[in-house]
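A.B. asks: The structure that follows is given in the form of structure tokens.
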Amino acid sequence: MRTVDEHLAQALAAVAQLPPFQQHLLDAQGCALCEDVEAGLDLPSFDNSSMDGYAVRREDVEAASEDSPVVLPVIGDLPAGGVEALALAPGMALRIMTGAPIPHGANAVVPVEWTDGGVAKVSITQAPGDRDYIRRRGEDVRTGQLLVRAGTRLDARQIGLLASVGRDVVWVRPRPRVVVLSTGSELREPGQPLGVGAIYDSNSFTLAAAAREAGAIAYRVVGVPDDEREFMRVLEDQLVRADLVVTSGGVSVGAYDVVKAVLSRLGTVEFNSVAMQPGKPQGFGVVGEDSTPIFTLPGNPVSAYVSFQVFVRPVLRKMLGLTPHVAPTVTATATGGWTSPEGRRQYTRVRYSVDDDGQAHVAPVGGPGSHLVGGLAGANALAVVPEEVTQVEEGTTLDVMLLDAEGAGGQSSG
């Protein structure tokens, strides 16, 4: 058997980052930025009010109090977005709204809560400090400042910042297009009647959802029957929209394992036994005129999902331009014991938690069977048991892959 690391290294070496292209901001969400973006203007771009209130000269109101309010005439209004340039003379006030520009001559804003809300004149009962409630030009961002570094995976915060400085398009790496298909004549679509010997196709839903979580665009194909010609027809038909293909089922040694039977004849896909549990039967290679990468994962649901996390997800991260390709693990202490097969790296479904003292723990969820999707749904992590360990004792420290963490988080390799 080959090792997990050998199989992953082969897959990572066979794929490249997707070429960058220009995208509108919202379409770039979740993608890796391929340029340094600098500010083309100050933020704020002008002094403006942070409160609804009155623009004043502080020296005119510094004696204001509840017992001895200062009364000033109100000479006009300054709404947010107003284009009229107004100046403030001594002894006067201008009613001002949040976001409106500070008029020439004013050096403070009195919140409306400190006044009687007057329109023609205003009674002020509390004095602001100098520059109080004024957002200063450039106090947040200065022109020429580096805003977002190349390699950042854009989320709502960066997109909002880029929009604030007027950027509408950016250079990013696109989301990989992943075609997901399951094989098996026993498969039925959820919502359809089952019939004798049939099961619902959960793998294609699981893998398509996992691909989306990893930052890809997923195309789920309805289950393909155990027919070699039909499998090849569907595969060829789907390659036109695929940067990566993921199949599940049909890769073992059975008489109806059509994926292995068809792709073995191409000579471009290699099938191996990988020293892991679950997920021993694995295949990887390229297909079609464009040498599209293809993962052929085992058909048991837990095996397929674990294989995706261990092999497919790092490849998607590389295609997205995210580093590290293999997401970092955390460490945690086992709160219970279990066995692990000698010579195989075990990925155990566990529940990860952190106690009040900040200590991380994992507890196994469900049984070890690779068909037990109930236990998989209850897990939020995979504990990684090394190949040489056959017995995990309570208190053992293990590396842990978090499943609820962001699938394609990290930095881009540029």
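Going through the structure tokens in order, the chains are called A, B, and so on, while each chain numbers its residues from 1 and the ligands are numbered from 1 in the order shown.
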If we count only C-alpha atoms, what is near Ala93 in chain A at a cut-off of 7 Å, once residues fewer than 6 positions away on the same chain are taken out, given as a VMD selection string?

C.D. replies: chain A and resid 54 to 56 72 to 75

A.B. asks: Take the selection from the previous step and output its residues with C-alpha atoms, as an mmCIF file, in the first residue's frame.

C.D. replies:
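Now in part_5.cif:
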data_model
loop_
_atom_site.group_PDB
_atom_site.id
_atom_site.type_symbol
_atom_site.label_atom_id
_atom_site.label_comp_id
_atom_site.auth_asym_id
_atom_site.auth_seq_id
_atom_site.Cartn_x
_atom_site.Cartn_y
_atom_site.Cartn_z
ATOM 1 C CA TYR A 54 -25.441 70.979 15.555
ATOM 2 C CA ALA A 55 -22.143 72.123 14.102
ATOM 3 C CA VAL A 56 -20.713 74.870 16.316
ATOM 4 C CA LEU A 72 -27.572 80.080 19.294
ATOM 5 C CA PRO A 73 -29.423 80.952 16.095
ATOM 6 C CA VAL A 74 -29.638 78.077 13.585
ATOM 7 C CA ILE A 75 -28.739 79.393 10.137
#

A.B. asks: Could you go through range 17-69 of chain A and tell me which residues DSSP, when run on the backbone, assigns to alpha helix (DSSP H), listing them as a PyMOL selection string?

C.D. replies: chain A and resi 58-61

A.B. asks: If DSSP is run on the backbone, what residues of range 173-393 of chain A are strand (DSSP E)? A reply as a VMD selection string would be ideal.

C.D. replies: chain A and resid 173 177 to 183 187 to 188 199 to 200 217 to 224 244 to 248 269 to 273 276 to 277 281 to 287 292 to 297 322 to 323 330 to 334 338 to 339 345 to 354 360 to 364 381 to 385 391 to 392

A.B. asks: Have a look at CA of Glu38 in chain A and CA of Thr323 in chain A and let me know their distance in Å, one decimal.

C.D. replies: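 It comes out at 22.7 Å.
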
A.B. asks: Using only C-alpha atoms, can you tell me which of A:Leu187, A:Met319, A:Ala211, A:Val245 comes closest to Gln17 in chain A?

C.D. replies: A:Met319

A.B. asks: With only C-alpha atoms as the atoms that count, which of A:Thr183, A:Ser307, A:Asn380, A:Gln359 lies nearest to Val259 in chain A?

C.D. replies: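 Nearest to Val259 in chain A: A:Thr183.
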
A.B. asks: Would you kindly return, as a PyMOL selection string, each protein, DNA or RNA residue with an atom no farther than 12 Å from any atom of Ala304 in chain A, considering only C-alpha atoms and excluding same-chain residues fewer than 5 positions away?

C.D. replies: chain A and resi 180-182+202-208+210+246-251+277-283+295-299+309-312+370-373+376

A.B. asks: How would the residues just chosen look if you wrote them out with C-alpha atoms as an mmCIF file, in the first residue's frame?

C.D. replies:
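Just written: again.cif:
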data_model
loop_
_atom_site.group_PDB
_atom_site.id
_atom_site.type_symbol
_atom_site.label_atom_id
_atom_site.label_comp_id
_atom_site.auth_asym_id
_atom_site.auth_seq_id
_atom_site.Cartn_x
_atom_site.Cartn_y
_atom_site.Cartn_z
ATOM 1 C CA VAL A 180 -19.435 15.327 -8.613
ATOM 2 C CA LEU A 181 -20.990 12.029 -9.637
ATOM 3 C CA SER A 182 -21.840 8.791 -7.853
ATOM 4 C CA SER A 202 -26.180 10.599 -0.370
ATOM 5 C CA ASN A 203 -22.566 10.666 -1.565
ATOM 6 C CA SER A 204 -23.072 13.106 -4.410
ATOM 7 C CA PHE A 205 -24.889 15.492 -2.065
ATOM 8 C CA THR A 206 -22.215 15.152 0.613
ATOM 9 C CA LEU A 207 -19.325 15.675 -1.790
ATOM 10 C CA ALA A 208 -20.965 18.554 -3.667
ATOM 11 C CA ALA A 210 -18.063 19.657 0.785
ATOM 12 C CA VAL A 246 -14.847 13.668 -8.186
ATOM 13 C CA THR A 247 -16.543 10.269 -8.386
ATOM 14 C CA SER A 248 -17.597 7.921 -5.628
ATOM 15 C CA GLY A 249 -18.047 4.167 -5.858
ATOM 16 C CA GLY A 250 -16.865 1.586 -8.365
ATOM 17 C CA VAL A 251 -13.167 1.602 -7.412
ATOM 18 C CA GLN A 277 -8.944 3.935 7.475
ATOM 19 C CA PRO A 278 -11.513 4.612 6.206
ATOM 20 C CA GLY A 279 -10.813 5.107 2.493
ATOM 21 C CA LYS A 280 -8.369 2.413 1.463
ATOM 22 C CA PRO A 281 -9.290 2.145 -2.277
ATOM 23 C CA GLN A 282 -8.314 5.376 -4.049
ATOM 24 C CA GLY A 283 -7.764 6.536 -7.594
ATOM 25 C CA PHE A 295 -10.422 11.727 -7.989
ATOM 26 C CA THR A 296 -12.171 8.369 -7.748
ATOM 27 C CA LEU A 297 -13.236 7.930 -4.147
ATOM 28 C CA PRO A 298 -14.644 4.825 -2.451
ATOM 29 C CA GLY A 299 -18.398 4.366 -2.286
ATOM 30 C CA GLN A 309 -11.125 16.057 3.358
ATOM 31 C CA VAL A 310 -7.734 14.343 3.172
ATOM 32 C CA PHE A 311 -7.092 14.530 -0.585
ATOM 33 C CA VAL A 312 -9.578 16.655 -2.531
ATOM 34 C CA SER A 370 -17.622 3.475 7.047
ATOM 35 C CA HIS A 371 -21.363 3.308 6.334
ATOM 36 C CA LEU A 372 -22.420 5.033 9.571
ATOM 37 C CA VAL A 373 -23.476 8.474 8.380
ATOM 38 C CA LEU A 376 -20.435 11.352 10.772
#
